[in-house]
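Structure, as structure tokens:
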Amino acid sequence: METETTATNRKPAPLRVLPTLPPAPMTIEESGLSLDMLIQLALKTLHFAGELTGAELGGRLGVNFSVVAPALEALKTQHHVQITGGTMLGRASYVYRITDSGRERAGLFLESNHYVGVAPVPFEQYRQYMLNYEKAVPRCATRERVREAFSHLVISQRVLDQLGPAINAGHSMFVYGPPGNGKTVISQAVGRLMQGDIGIPHAVEVEGSIVRLFESGEPRADPERGRR
């Protein structure tokens, strides 16, 4: 095991391994979502798209096709979608088109939940990921690094001395204040002090409900790195 030497006692100390993003699920079971949830998401997506290949639908939902395939099979059995084309490359290349009965059912889904987009992450999975992240992320916000990160801002030393321990604590941080007092630039500087990547899901699933968390200006789902 690699070690580092501390400045106080010069004894070897284990290096923290930078946390990594969770792997993309390959099955419904690994995704933690119910078949009904995936059926709803797939049908609502097809309601607005009209038709998509299996791979395209998986991309819209931010998951591998193998995760959404059982939902498409169920929808095909229920005559809510039909296959209108494809190649010999497998079911991921099949073109799935929503039927009239499928549109009616999608309308019912939309009445109860308007969310359409990347599949949510179950709350318990995200909670466990954040606990593991907290344990693994390096505590490297030294006084020197904090001063360097905030050198472009006019901030009192008292505030800087509070920021370092708050960042190293690994807990949530609530930045508040009136408009224009620097909340955004402070948060950006805090981000530069952290090492490694942190996964933020577009939405989380809590007891069957979907809560949106994040939406960038140009949202993109990357199935190779998991839902984001």
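Letters A, B, ... mark the chains of the structure tokens in the order given; residue numbers begin at 1 per chain; ligand numbers begin at 1, in order shown.
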
Name all residues at most 12 Å from A:Asp36 (count only C-alpha atoms; drop same-chain ones fewer than 5 positions away) and give them as a list in words.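 So, after excluding close chain neighbours, the residues are Ile28, Leu41, Ala42, Leu43, Val68, Pro70, Ala71, Leu72, Ala74, Leu75, Phe109 and Gly208 of chain A.
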
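The environment of A:Val204 within 7 Å, counting only C-alpha atoms and disregarding residues fewer than 6 places along the same chain, consists of A:Pro120, A:Val121, A:Pro122, A:Phe123, A:Ile210, A:Val211, A:Arg212.
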
Selection from above, C-alpha atoms, as an mmCIF file, in the first residue's frame, can you write it?
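Final output, selection-v4.cif:
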data_model
loop_
_atom_site.group_PDB
_atom_site.id
_atom_site.type_symbol
_atom_site.label_atom_id
_atom_site.label_comp_id
_atom_site.auth_asym_id
_atom_site.auth_seq_id
_atom_site.Cartn_x
_atom_site.Cartn_y
_atom_site.Cartn_z
ATOM 1 C CA PRO A 120 -33.512 9.107 -11.456
ATOM 2 C CA VAL A 121 -31.100 7.609 -8.957
ATOM 3 C CA PRO A 122 -32.778 5.905 -5.970
ATOM 4 C CA PHE A 123 -32.279 8.067 -2.889
ATOM 5 C CA ILE A 210 -39.045 11.933 -8.689
ATOM 6 C CA VAL A 211 -37.238 14.977 -7.329
ATOM 7 C CA ARG A 212 -35.165 16.960 -9.814
#

List as a VMD selection string the protein and nucleic acid residues near A:Ile186, meaning an atom at most 12 Å away when only C-alpha atoms are counted, but skip any in the same chain fewer than 2 places from it. chain A and resid 146 149 to 155 159 to 160 163 173 to 177 180 to 184 188 to 193

Provide the atom CA of A:Arg143 to atom CA of A:Ser172 distance in Å, to one decimal place. 19.8 Å

With a distance cut-off of 10 Å and only C-alpha atoms, select the neighbouring residues of A:Pro165, excluding the residue or stretch itself and same-chain residues fewer than 2 positions from it, and output the selection as number ranges by chain. A: 139-143, 160-163, 167-170

Rounded to one decimal in Å, what is the spacing between atom CA of A:Asp100 and atom CA of A:Ser31?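 Taking atom CA of A:Asp100 and atom CA of A:Ser31, their separation equals 29.4 Å.
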
Identify, with DSSP run on backbone atoms, the residues in stretch 144-188 of chain A assigned to helix (DSSP H, G or I), and express the list as number ranges by chain. A: 144-149, 157-169, 183-188

Which of stretch 28-196 of chain A end up as strand (DSSP E) when DSSP is run on this backbone - answer as an MDAnalysis selection string? chainID A and resid 51:53 81:85 95:98 121:122

Write the selection just made, keeping all heavy atoms, as a short mmCIF file (atom, residue, chain, number, x, y, z; two decimals), in the first residue's frame?
data_model
loop_
_atom_site.label_atom_id
_atom_site.label_comp_id
_atom_site.auth_asym_id
_atom_site.auth_seq_id
_atom_site.Cartn_x
_atom_site.Cartn_y
_atom_site.Cartn_z
N GLU A 51 -40.76 8.02 -32.16
CA GLU A 51 -40.07 6.75 -32.30
C GLU A 51 -38.58 6.95 -32.06
O GLU A 51 -38.01 8.00 -32.36
CB GLU A 51 -40.31 6.10 -33.67
CG GLU A 51 -39.76 6.90 -34.84
CD GLU A 51 -40.00 6.20 -36.17
OE1 GLU A 51 -41.01 5.47 -36.30
OE2 GLU A 51 -39.16 6.38 -37.09
N LEU A 52 -37.96 5.93 -31.49
CA LEU A 52 -36.53 5.94 -31.19
C LEU A 52 -36.01 4.51 -31.29
O LEU A 52 -36.75 3.55 -31.08
CB LEU A 52 -36.27 6.46 -29.77
CG LEU A 52 -36.58 7.92 -29.46
CD1 LEU A 52 -36.53 8.14 -27.94
CD2 LEU A 52 -35.61 8.84 -30.17
N THR A 53 -34.71 4.39 -31.59
CA THR A 53 -34.11 3.07 -31.46
C THR A 53 -33.94 2.76 -29.98
O THR A 53 -33.99 3.66 -29.13
CB THR A 53 -32.74 3.01 -32.15
OG1 THR A 53 -31.82 3.86 -31.45
CG2 THR A 53 -32.83 3.44 -33.61
N VAL A 81 -46.20 -0.02 -27.69
CA VAL A 81 -45.18 0.32 -28.67
C VAL A 81 -45.12 -0.81 -29.69
O VAL A 81 -45.55 -1.94 -29.42
CB VAL A 81 -43.78 0.52 -28.03
CG1 VAL A 81 -43.81 1.61 -26.98
CG2 VAL A 81 -43.25 -0.79 -27.45
N GLN A 82 -44.60 -0.48 -30.85
CA GLN A 82 -44.39 -1.50 -31.88
C GLN A 82 -43.04 -1.28 -32.53
O GLN A 82 -42.53 -0.16 -32.57
CB GLN A 82 -45.51 -1.45 -32.93
CG GLN A 82 -45.63 -0.10 -33.64
CD GLN A 82 -46.82 -0.06 -34.58
OE1 GLN A 82 -47.61 -0.99 -34.64
NE2 GLN A 82 -46.94 1.03 -35.34
N ILE A 83 -42.47 -2.35 -33.02
CA ILE A 83 -41.18 -2.28 -33.70
C ILE A 83 -41.42 -2.01 -35.18
O ILE A 83 -42.15 -2.76 -35.84
CB ILE A 83 -40.39 -3.58 -33.50
CG1 ILE A 83 -40.09 -3.81 -32.01
CG2 ILE A 83 -39.08 -3.55 -34.28
CD1 ILE A 83 -39.43 -5.13 -31.70
N THR A 84 -40.82 -0.96 -35.70
CA THR A 84 -41.04 -0.58 -37.09
C THR A 84 -39.81 -0.71 -37.96
O THR A 84 -39.85 -0.43 -39.16
CB THR A 84 -41.55 0.88 -37.16
OG1 THR A 84 -40.56 1.75 -36.59
CG2 THR A 84 -42.86 1.03 -36.41
N GLY A 85 -38.71 -1.10 -37.38
CA GLY A 85 -37.49 -1.24 -38.17
C GLY A 85 -36.35 -1.69 -37.29
O GLY A 85 -36.52 -1.98 -36.10
N VAL A 95 -36.22 -0.08 -33.98
CA VAL A 95 -36.91 1.21 -33.87
C VAL A 95 -38.26 0.97 -33.20
O VAL A 95 -39.09 0.20 -33.67
CB VAL A 95 -37.12 1.84 -35.26
CG1 VAL A 95 -37.89 3.16 -35.13
CG2 VAL A 95 -35.78 2.08 -35.95
N TYR A 96 -38.46 1.64 -32.07
CA TYR A 96 -39.69 1.49 -31.29
C TYR A 96 -40.57 2.73 -31.51
O TYR A 96 -40.13 3.85 -31.27
CB TYR A 96 -39.38 1.32 -29.81
CG TYR A 96 -38.63 0.05 -29.49
CD1 TYR A 96 -37.23 0.01 -29.57
CD2 TYR A 96 -39.30 -1.11 -29.12
CE1 TYR A 96 -36.53 -1.15 -29.28
CE2 TYR A 96 -38.61 -2.28 -28.84
CZ TYR A 96 -37.23 -2.29 -28.92
OH TYR A 96 -36.54 -3.45 -28.63
N ARG A 97 -41.83 2.50 -31.94
CA ARG A 97 -42.77 3.59 -32.17
C ARG A 97 -43.95 3.44 -31.22
O ARG A 97 -44.48 2.34 -31.05
CB ARG A 97 -43.26 3.59 -33.62
CG ARG A 97 -44.31 4.66 -33.93
CD ARG A 97 -44.77 4.57 -35.37
NE ARG A 97 -43.67 4.82 -36.29
CZ ARG A 97 -43.75 4.61 -37.61
NH1 ARG A 97 -44.87 4.13 -38.13
NH2 ARG A 97 -42.72 4.87 -38.38
N ILE A 98 -44.37 4.54 -30.62
CA ILE A 98 -45.49 4.51 -29.70
C ILE A 98 -46.79 4.36 -30.49
O ILE A 98 -46.95 4.92 -31.58
CB ILE A 98 -45.51 5.78 -28.82
CG1 ILE A 98 -46.52 5.65 -27.68
CG2 ILE A 98 -45.77 7.02 -29.65
CD1 ILE A 98 -46.41 6.75 -26.65
N VAL A 121 -31.89 8.50 -9.80
CA VAL A 121 -31.10 7.61 -8.96
C VAL A 121 -31.88 7.38 -7.67
O VAL A 121 -32.33 8.35 -7.05
CB VAL A 121 -29.73 8.23 -8.63
CG1 VAL A 121 -28.97 7.36 -7.64
CG2 VAL A 121 -28.92 8.42 -9.90
N PRO A 122 -32.09 6.15 -7.24
CA PRO A 122 -32.78 5.91 -5.97
C PRO A 122 -32.07 6.64 -4.82
O PRO A 122 -30.84 6.65 -4.76
CB PRO A 122 -32.70 4.39 -5.80
CG PRO A 122 -32.59 3.86 -7.19
CD PRO A 122 -31.77 4.88 -7.93
#

For A:Ala55, find every residue with an atom within 6 Å (counting only C-alpha atoms), except residues of its own chain fewer than 3 positions away, and show them as a ChimeraX atom specification. /A:58,65,92

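Of the residues under consideration (A:Thr20, A:Gly117, A:His79, A:Met194), A:Gly117 shows the shortest atom-to-atom contact distance to A:Leu38 when counting only C-alpha atoms.
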
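Rounded to one decimal, atom CA of A:Gln195 and atom CA of A:Gly32 lie 28.1 Å from each other.
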